Structure formats: structure tokens, C-alpha cells
Amino acid sequence: MAEPKGNSIRVPARLRHNGGFALAMAIFALVLLAAVVAGGYYSASQEFQIGRGMRSLTASFYAGEAGIREVLHEWDPDVYFALDPGDTLIFSPVNFEGGGSYTARVVRVGRAADSLKRYFYIEAVGRPPGPSLGERRQAMVVRARYPKLCCQAAVTVGGEEMDFTGGKNEIVSGFNHNPTGGYGPWPDSVCAGVSTVDTVGAIIDSDVSIDDPTRVEGSPAAYIVDSSLQENVFPANIGDLSYAEIVAEADFTFSPPDSLIVYGSDLDPRIVNGKCDRSYQYNWGAPMSPSHPCFKFFPIIHVNGHLKIKSATVQGIFVVEGALDLDDARLYGIALARDDLILRGPSRLFGVAWAMDDLRYVGAVPRMYVSRCAAERAVRLSNLTRPRPVSPRAWVELF
């Protein structure tokens with residue numbers, strides 16, 4: 001057997017054979033790549049689940065927020081003001097057109113004696129569209145004011161004259177007349193529980209001349225004098241509110257060049273999806289139709305000029321910077337005119353009025369009746385009682 005030459009080392013044949021090494025490396029690389037891909041897929045899956053969850057929770061949050069806002073937007077004072085402290089109203093799941101839903105509850109809080117400031121706790125649970133991956137619950141505390149604008153007198157006159165230029169049927173009455181039965185189309189139930197106490201027929205400035213005092217009636221006096229009244233200037237406070245506070249809540253403001261003339265054919269108490277359309281500027285309620293959705297709509301109308309309502313029946317709170325002229329018209333609610341208040345023909349006004357210049361009756365049968373029911377409904381069902389969040393911490397997210 002020959003000796004190996006030099007320093008060379010003989011490698012056994014089995015070690016010199018390297019077949020299959022590339023395959024092992026390839027398998028190892030594939031395993032490593034698969035691990036990287038699996039890790040990436042897992043990470044992406046986690047990110048997807050997190051994103052999906054966040055999207056679901058965000059949708060739930062906004063669904064709950066929208067639920068609270070919808071409760072406030074659809075606020076019905078007749079329903080909520082009838083609640084006693086501790087009473088609860090539940091809203092079953094309400095679905096949105098774009099998906100998502102909410103459930104809500106409204107709880108009257110506070111004291112039964114607290115009738116001018118009514119507090120409510122609103123809680124809404126929002127849920128996302130599709131399979132629910134979570135829900136969000138939030139709440140808000142709101143306060144609904146119930147200011148008093150009625151009733152010191154049927155009319156307050158701050159100018160120089162109260163003119164009755166027609167027949168003997170003209171009258172300003174401080175004796176309470178609800179627009180029910182023989183006096184109007186409202187059901188007796190609408191005025192149930194409202195005071196029927198009579199009041200003064202007119203409060204007048206010391207400079208006001210009444211051409212026929214027999215046309216004014218009331219209790220405990222037909223009229224009284226208030227020397228603080230000023231011509232063409234509203235009193236500092238109208239009931240519990242200032243003039244500016246009433247104007248700030250106006251549903252519709254008109255600024256005609258001079259006069260706005262509205263006929264009965266111009267008015268349209270529209271219904272959209274079965275509900276009264278409170279966004280249409282010529283929707284001034286439906287006082288003659290107790291079953292109409294707009295029977296409970298008493299808008300606040302602010303006119304920067306004169307307003308003439310002809311051959312129409314309206315309801316609400318009318319704030320007129322010029323003269324308010326009712327021509328064969330009926331008004332249920334509250335009228336405030338910085339200039340003259342004029343009633344022509346068979347016009348009727350149920351509620352209370354302020355005429356900071358003259359009061360003029362033209363024709364044989366215009367009549368003004370103090371109506372606590374009409375005036376209080378005008379306030380209660382207007383923006384003046386719409387609830388507002390209690391500041392500064394009215395809203396809270398529960399979870």
C-alpha cells in the first residue's frame with residue numbers, strides 16, 4: 001500500500017460526495033421564506049382585524065352620537081314634558097339609511113316642582129352596519145326651558161291710539177277664550193290643564209287714546225296704564241325672555257324691501273316621510289287640522305319689515321319689526337309688532353299681542369281674545385323650549 005505523498009490527507013469517498021446539498025439549502029430557504037410570509041400574513045391579519053374593529057367602533061360611536069342628535073331633533077314637548085321625574089322613554093333599534101343603528105332612552109330627572117327648568121338624561125347605544133364588532137354607549141344631560149310669555153293682558157299698546165272704526169262687534173277681550181268648541185277647531189284635550197284665569201284686556205301707555213273704551217273688556221280691569229311703555233320700543237323683557245332671545249330662536253327670518261304679503265294659498269304645511277316639514281319657510285302650522293302632523297308646529301317668524309297676512313290661518317310666534325296686518329286672517333299664538341297691529345274684517349287673534357305703536361280695528365267684526373291655551377302652546381311647542389346641553393360637561397362616553 002503506497003504512502004501518501006507530502007502532507008496531503010486522504011478524504012474518504014463518502015465525504016468527498018456533495019450531492020443533495022443544494023436541495024437541503026433550498027428546503028431551508030423555503031422554510032425560512034414560509035416563516036416570513038406566515039409572519040407577514042399574521043401581522044397583516046392582525047392589522048386588518050384592528051382596522052376593522054376600529055372602523056366598527058368608530059361607526060358605532062357616530063351612530064350613538066347621531067342617535068342623541070336625532071332624539072333632540074325629533075323632540076316632542078307634549079310627550080317629554082308629561083314625564084314625571086324618573087320616568088323613562090325607550091327607543092327600540094332605529095336603523096339609518098346608510099347602515100348602522102342605535103337604541104336610546106330618555107329619563108326625566110330633577111324635581112316634580114321644577115317646571116320652568118326641566119332636565120333630561122339621554123343615553124344612546126350605537127351599533128355599526130353589518131356584523132357588529134362592538135358598540136359604543138354615550139350620554140348627554142340637557143335642560144329644556146319653559147319660559148312664560150303669557151298673560152298680563154290680551155294686548156300691550158305703546159303708541160298713541162286704540163282705534164275701533166267699524167261696528168259694535170269689535171272687541172279686545174281679557175276674558176280667557178280657548179279656541180275650542182264654539183270658538184275654534186281645537187279638541188278640548190289640547191287645552192286640558194291650562195289655566196283659564198281671566199286677565200286685563202289691555203295695558204296701555206299713558207299717552208294712548210282709546211276711541212271707544214267699551215270695546216275693551218277684562219278682569220280685574222278692562223285696561224290699565226303703564227307709563228314705562230315707549231312708542232316703537234319693546235319692553236326690556238317679554239315675559240321671562242328678552243326680545244333678543246326670542247329673535248335668536250326664529251325658525252324663519254324674512255327681510256322684504258318693505259312689506260311681506262302672505263296669502264293663504266302661499267302657505268303649505270308640508271309633510272315629508274309622514275312628518276311635518278319644519279324646514280319649509282312657508283310652513284306656518286296647521287291650526288285647523290288637529291290630526292295633521294303640523295298641528296304641533298309653532299314656528300317663530302321674524303320679519304324685518306311689515307307683514308300682512310291675508311285670508312289665511314296661521315299659528316306660532318310672530319315678531320314683526322314693522323306693522324302686523326291681519327286681513328280676514330286668524331292667528332293662534334303670540335304677536336309682537338314694533339309698529340301698528342291691524343285687524344281687518346272678521347280677523348281673529350287667539351293668544352296675546354304686543355303693539356308698540358297703535359292698535360287699529362277696521363271693519364265690523366275683528367276680535368282679539370286672550371287665550372292662555374294658544375299662547376302657552378305657542379311657547380311650549382316652539383324653539384323656545386327646545387332642550388340644550390347642560391354646560392360645561394353635558395356629554396360623556398360611557399364605554
# chains A, B, ... in the order shown; residues from 1 in each chain; ligands from 1
>>> closest_atom_pairs(of="region 109-205 of chain A", to="region 70-81 of chain A", cutoff="10 Å", atoms="only C-alpha atoms", output="tab-separated table")
residue	atom	partner	partner_atom	distance
A:Ser115	CA	A:Phe81	CA	8.8
A:Arg118	CA	A:Phe81	CA	7.9
A:Tyr119	CA	A:Phe81	CA	9.9
A:Phe120	CA	A:Tyr80	CA	8.9
A:Ile122	CA	A:Val71	CA	8.3
A:Glu123	CA	A:Val71	CA	9.9
A:Ala124	CA	A:Val71	CA	9.3
A:Val142	CA	A:Leu72	CA	9.3
A:Ala144	CA	A:Phe81	CA	9.0
A:Tyr146	CA	A:Phe81	CA	9.6
A:Val190	CA	A:Asp78	CA	9.9
>>> residues_around(residues="His292 (chain A)", least_positions_apart="2", cutoff="10 Å", atoms="only C-alpha atoms", output="VMD selection string")
chain A and resid 269 to 271 274 to 276 285 to 290 294 to 297
>>> write_last_selection(atoms="N, CA and C atoms", output="compact mmCIF listing (two decimals), in the first residue's frame")
# COMPACT_ATOMS: atom_id res chain seq x y z
N PRO A 269 -98.35 73.64 4.88
CA PRO A 269 -97.83 72.79 5.97
C PRO A 269 -97.41 71.43 5.44
N ARG A 270 -96.24 71.38 4.86
CA ARG A 270 -95.78 70.19 4.15
C ARG A 270 -95.51 69.01 5.08
N ILE A 271 -95.70 67.83 4.49
CA ILE A 271 -95.40 66.57 5.18
C ILE A 271 -94.35 65.84 4.37
N GLY A 274 -94.07 61.34 6.29
CA GLY A 274 -95.03 61.24 7.37
C GLY A 274 -94.85 62.23 8.50
N LYS A 275 -93.85 63.12 8.38
CA LYS A 275 -93.57 64.09 9.44
C LYS A 275 -93.72 65.51 8.91
N CYS A 276 -94.00 66.42 9.83
CA CYS A 276 -94.12 67.82 9.45
C CYS A 276 -92.77 68.35 8.99
N GLY A 285 -97.64 76.09 10.33
CA GLY A 285 -98.50 75.25 11.14
C GLY A 285 -99.82 74.92 10.46
N ALA A 286 -100.58 74.04 11.15
CA ALA A 286 -101.89 73.60 10.64
C ALA A 286 -102.90 73.67 11.78
N PRO A 287 -103.24 74.88 12.23
CA PRO A 287 -104.11 75.01 13.40
C PRO A 287 -105.52 74.52 13.21
N MET A 288 -105.98 74.38 11.97
CA MET A 288 -107.35 73.96 11.72
C MET A 288 -107.49 72.44 11.62
N SER A 289 -106.39 71.71 11.70
CA SER A 289 -106.43 70.26 11.48
C SER A 289 -105.72 69.53 12.61
N PRO A 290 -106.42 69.20 13.70
CA PRO A 290 -105.78 68.56 14.85
C PRO A 290 -105.08 67.25 14.54
N CYS A 294 -98.47 68.81 11.36
CA CYS A 294 -98.00 70.17 11.65
C CYS A 294 -98.91 70.90 12.63
N PHE A 295 -99.89 70.20 13.21
CA PHE A 295 -100.74 70.82 14.22
C PHE A 295 -99.92 71.21 15.45
N LYS A 296 -98.83 70.49 15.68
CA LYS A 296 -97.97 70.78 16.83
C LYS A 296 -96.75 71.63 16.46
N PHE A 297 -96.75 72.19 15.28
CA PHE A 297 -95.63 73.02 14.85
C PHE A 297 -95.99 74.50 15.00
>>> closest_residue(among="A:Leu331, A:Val362, A:Val106, A:Val197", to="Leu349 (chain A)", atoms="only C-alpha atoms")
A:Leu331
>>> closest_residue(among="A:Asn304, A:Ser209, A:Gln49, A:Gln152", to="Phe318 (chain A)", atoms="only C-alpha atoms")
A:Asn304
>>> residues_around(residues="Thr103 (chain A)", least_positions_apart="6", cutoff="10 Å", atoms="only C-alpha atoms", output="ChimeraX atom specification")
/A:63-64,67-68,90-95,123-127,137
>>> atom_distance(atom1="CA of Met140 (chain A)", atom2="CA of Ile317 (chain A)")
29.1 Å
>>> residues_around(residues="Met356 (chain A)", least_positions_apart="2", cutoff="9 Å", atoms="only C-alpha atoms", output="JSON, numbers by chain")
{"A": [156, 157, 158, 159, 229, 230, 231, 232, 233, 234, 235, 336, 337, 338, 339, 340, 341, 354, 358, 359]}
>>> residues_around(residues="Ala312 (chain A)", least_positions_apart="6", cutoff="7 Å", atoms="only C-alpha atoms", output="list in words")
Tyr263, Gly264, Ala329 and Arg330 of chain A
>>> select_by_dssp(residues="region 322-366 of chain A", states="strand (DSSP E)", output="MDAnalysis selection string")
chainID A and resid 324:327 330:337 341:344 348:355 359:362
>>> write_last_selection(atoms="C-alpha atoms", output="PDB file, in the first residue's frame")
ATOM      1  CA  LEU A 324     -98.538  93.354  11.516  1.00  0.00           C
ATOM      2  CA  ASP A 325    -101.733  93.439   9.445  1.00  0.00           C
ATOM      3  CA  LEU A 326    -104.290  90.626   9.721  1.00  0.00           C
ATOM      4  CA  ASP A 327    -106.754  90.883   6.842  1.00  0.00           C
ATOM      5  CA  ARG A 330    -106.737  84.055  12.074  1.00  0.00           C
ATOM      6  CA  LEU A 331    -103.658  83.875  14.262  1.00  0.00           C
ATOM      7  CA  TYR A 332    -103.180  81.436  17.123  1.00  0.00           C
ATOM      8  CA  GLY A 333    -100.255  82.198  19.394  1.00  0.00           C
ATOM      9  CA  ILE A 334     -98.249  85.338  20.089  1.00  0.00           C
ATOM     10  CA  ALA A 335     -97.864  88.515  18.029  1.00  0.00           C
ATOM     11  CA  LEU A 336     -95.201  91.192  18.589  1.00  0.00           C
ATOM     12  CA  ALA A 337     -95.311  94.235  16.316  1.00  0.00           C
ATOM     13  CA  LEU A 341    -101.161  95.912  14.914  1.00  0.00           C
ATOM     14  CA  ILE A 342    -104.108  95.984  12.499  1.00  0.00           C
ATOM     15  CA  LEU A 343    -107.088  93.615  12.393  1.00  0.00           C
ATOM     16  CA  ARG A 344    -109.409  93.860   9.394  1.00  0.00           C
ATOM     17  CA  ARG A 348    -109.331  86.736  14.978  1.00  0.00           C
ATOM     18  CA  LEU A 349    -106.306  86.603  17.256  1.00  0.00           C
ATOM     19  CA  PHE A 350    -106.234  83.962  20.000  1.00  0.00           C
ATOM     20  CA  GLY A 351    -103.332  84.370  22.411  1.00  0.00           C
ATOM     21  CA  VAL A 352    -101.546  87.574  23.420  1.00  0.00           C
ATOM     22  CA  ALA A 353    -100.134  90.517  21.478  1.00  0.00           C
ATOM     23  CA  TRP A 354     -97.805  93.497  21.761  1.00  0.00           C
ATOM     24  CA  ALA A 355     -98.422  96.531  19.518  1.00  0.00           C
ATOM     25  CA  LEU A 359    -103.849  99.142  17.612  1.00  0.00           C
ATOM     26  CA  ARG A 360    -106.336  99.532  14.752  1.00  0.00           C
ATOM     27  CA  TYR A 361    -109.554  97.640  14.069  1.00  0.00           C
ATOM     28  CA  VAL A 362    -111.026  98.052  10.589  1.00  0.00           C
TER      29      VAL A 362
END
>>> residues_around(residues="region 169-186 of chain A", least_positions_apart="5", cutoff="9 Å", atoms="only C-alpha atoms", output="number ranges by chain")
A: 153-155, 164, 191, 195-202, 214-219, 221-223, 287-290, 332, 350-351, 361-374
>>> atom_distance(atom1="CA of Arg105 (chain A)", atom2="CA of Asp84 (chain A)")
14.7 Å
>>> closest_residue(among="A:Val320, A:Val208, A:Val225, A:Ala236", to="Ile300 (chain A)", atoms="only C-alpha atoms")
A:Val320
>>> residues_around(residues="Asn383 (chain A)", least_positions_apart="3", cutoff="8 Å", atoms="only C-alpha atoms", output="ChimeraX atom specification")
/A:249-251,299-300,379,386
>>> write_last_selection(atoms="N, CA and C atoms", output="short mmCIF file (atom, residue, chain, number, x, y, z; two decimals), in the first residue's frame")
data_model
loop_
_atom_site.label_atom_id
_atom_site.label_comp_id
_atom_site.auth_asym_id
_atom_site.auth_seq_id
_atom_site.Cartn_x
_atom_site.Cartn_y
_atom_site.Cartn_z
N GLU A 249 -84.11 82.63 18.36
CA GLU A 249 -84.65 81.28 18.17
C GLU A 249 -85.57 81.20 16.95
N ALA A 250 -85.60 82.22 16.11
CA ALA A 250 -86.51 82.25 14.98
C ALA A 250 -86.27 81.07 14.03
N ASP A 251 -87.34 80.44 13.60
CA ASP A 251 -87.24 79.38 12.59
C ASP A 251 -86.99 79.98 11.22
N PRO A 299 -93.99 77.73 14.56
CA PRO A 299 -92.72 78.37 14.20
C PRO A 299 -92.62 79.77 14.79
N ILE A 300 -91.38 80.23 14.92
CA ILE A 300 -91.12 81.62 15.28
C ILE A 300 -90.76 82.34 13.98
N VAL A 379 -95.58 78.75 22.97
CA VAL A 379 -94.26 78.73 23.62
C VAL A 379 -93.76 77.31 23.77
N ARG A 386 -86.85 74.11 23.20
CA ARG A 386 -86.01 73.02 22.71
C ARG A 386 -84.85 72.82 23.68
#
>>> decode(residues="region 68-92 of chain A", atoms="N, CA and C atoms", output="compact mmCIF listing (two decimals), in the first residue's frame")
# COMPACT_ATOMS: atom_id res chain seq x y z
N ILE A 68 -78.39 60.49 19.67
CA ILE A 68 -78.69 61.57 20.61
C ILE A 68 -79.20 62.79 19.86
N ARG A 69 -78.51 63.14 18.74
CA ARG A 69 -78.92 64.32 17.99
C ARG A 69 -80.31 64.13 17.37
N GLU A 70 -80.62 62.90 16.97
CA GLU A 70 -81.94 62.66 16.38
C GLU A 70 -83.02 62.76 17.44
N VAL A 71 -82.74 62.29 18.64
CA VAL A 71 -83.71 62.43 19.73
C VAL A 71 -83.99 63.91 19.98
N LEU A 72 -82.94 64.72 19.99
CA LEU A 72 -83.12 66.16 20.21
C LEU A 72 -83.85 66.81 19.04
N HIS A 73 -83.52 66.38 17.81
CA HIS A 73 -84.15 66.97 16.64
C HIS A 73 -85.64 66.64 16.58
N GLU A 74 -86.00 65.43 16.99
CA GLU A 74 -87.39 64.99 16.94
C GLU A 74 -88.11 65.24 18.27
N TRP A 75 -87.58 66.12 19.08
CA TRP A 75 -88.12 66.36 20.41
C TRP A 75 -89.59 66.78 20.35
N ASP A 76 -90.41 66.09 21.11
CA ASP A 76 -91.83 66.41 21.17
C ASP A 76 -92.15 66.86 22.59
N PRO A 77 -92.26 68.17 22.82
CA PRO A 77 -92.51 68.67 24.18
C PRO A 77 -93.76 68.09 24.81
N ASP A 78 -94.80 67.86 24.02
CA ASP A 78 -96.03 67.29 24.57
C ASP A 78 -95.77 65.96 25.25
N VAL A 79 -94.85 65.18 24.69
CA VAL A 79 -94.54 63.86 25.25
C VAL A 79 -93.59 63.98 26.43
N TYR A 80 -92.49 64.70 26.24
CA TYR A 80 -91.44 64.71 27.26
C TYR A 80 -91.82 65.54 28.48
N PHE A 81 -92.56 66.64 28.27
CA PHE A 81 -92.94 67.46 29.41
C PHE A 81 -93.98 66.77 30.29
N ALA A 82 -94.62 65.74 29.76
CA ALA A 82 -95.60 65.00 30.54
C ALA A 82 -94.93 63.96 31.46
N LEU A 83 -93.63 63.72 31.28
CA LEU A 83 -92.93 62.74 32.11
C LEU A 83 -92.73 63.27 33.52
N ASP A 84 -92.87 62.39 34.49
CA ASP A 84 -92.51 62.71 35.87
C ASP A 84 -91.06 62.34 36.11
N PRO A 85 -90.41 62.97 37.09
CA PRO A 85 -89.01 62.59 37.39
C PRO A 85 -88.88 61.09 37.61
N GLY A 86 -87.93 60.49 36.92
CA GLY A 86 -87.72 59.05 36.99
C GLY A 86 -88.37 58.28 35.87
N ASP A 87 -89.33 58.87 35.20
CA ASP A 87 -89.96 58.20 34.06
C ASP A 87 -88.98 58.07 32.90
N THR A 88 -89.13 56.99 32.13
CA THR A 88 -88.20 56.69 31.04
C THR A 88 -88.96 56.37 29.77
N LEU A 89 -88.43 56.88 28.66
CA LEU A 89 -88.92 56.51 27.33
C LEU A 89 -87.83 55.72 26.62
N ILE A 90 -88.19 54.57 26.04
CA ILE A 90 -87.23 53.71 25.36
C ILE A 90 -87.47 53.77 23.86
N PHE A 91 -86.39 53.92 23.11
CA PHE A 91 -86.47 53.86 21.65
C PHE A 91 -85.89 52.53 21.19
N SER A 92 -86.71 51.70 20.54
CA SER A 92 -86.22 50.42 20.03
C SER A 92 -85.22 50.70 18.91
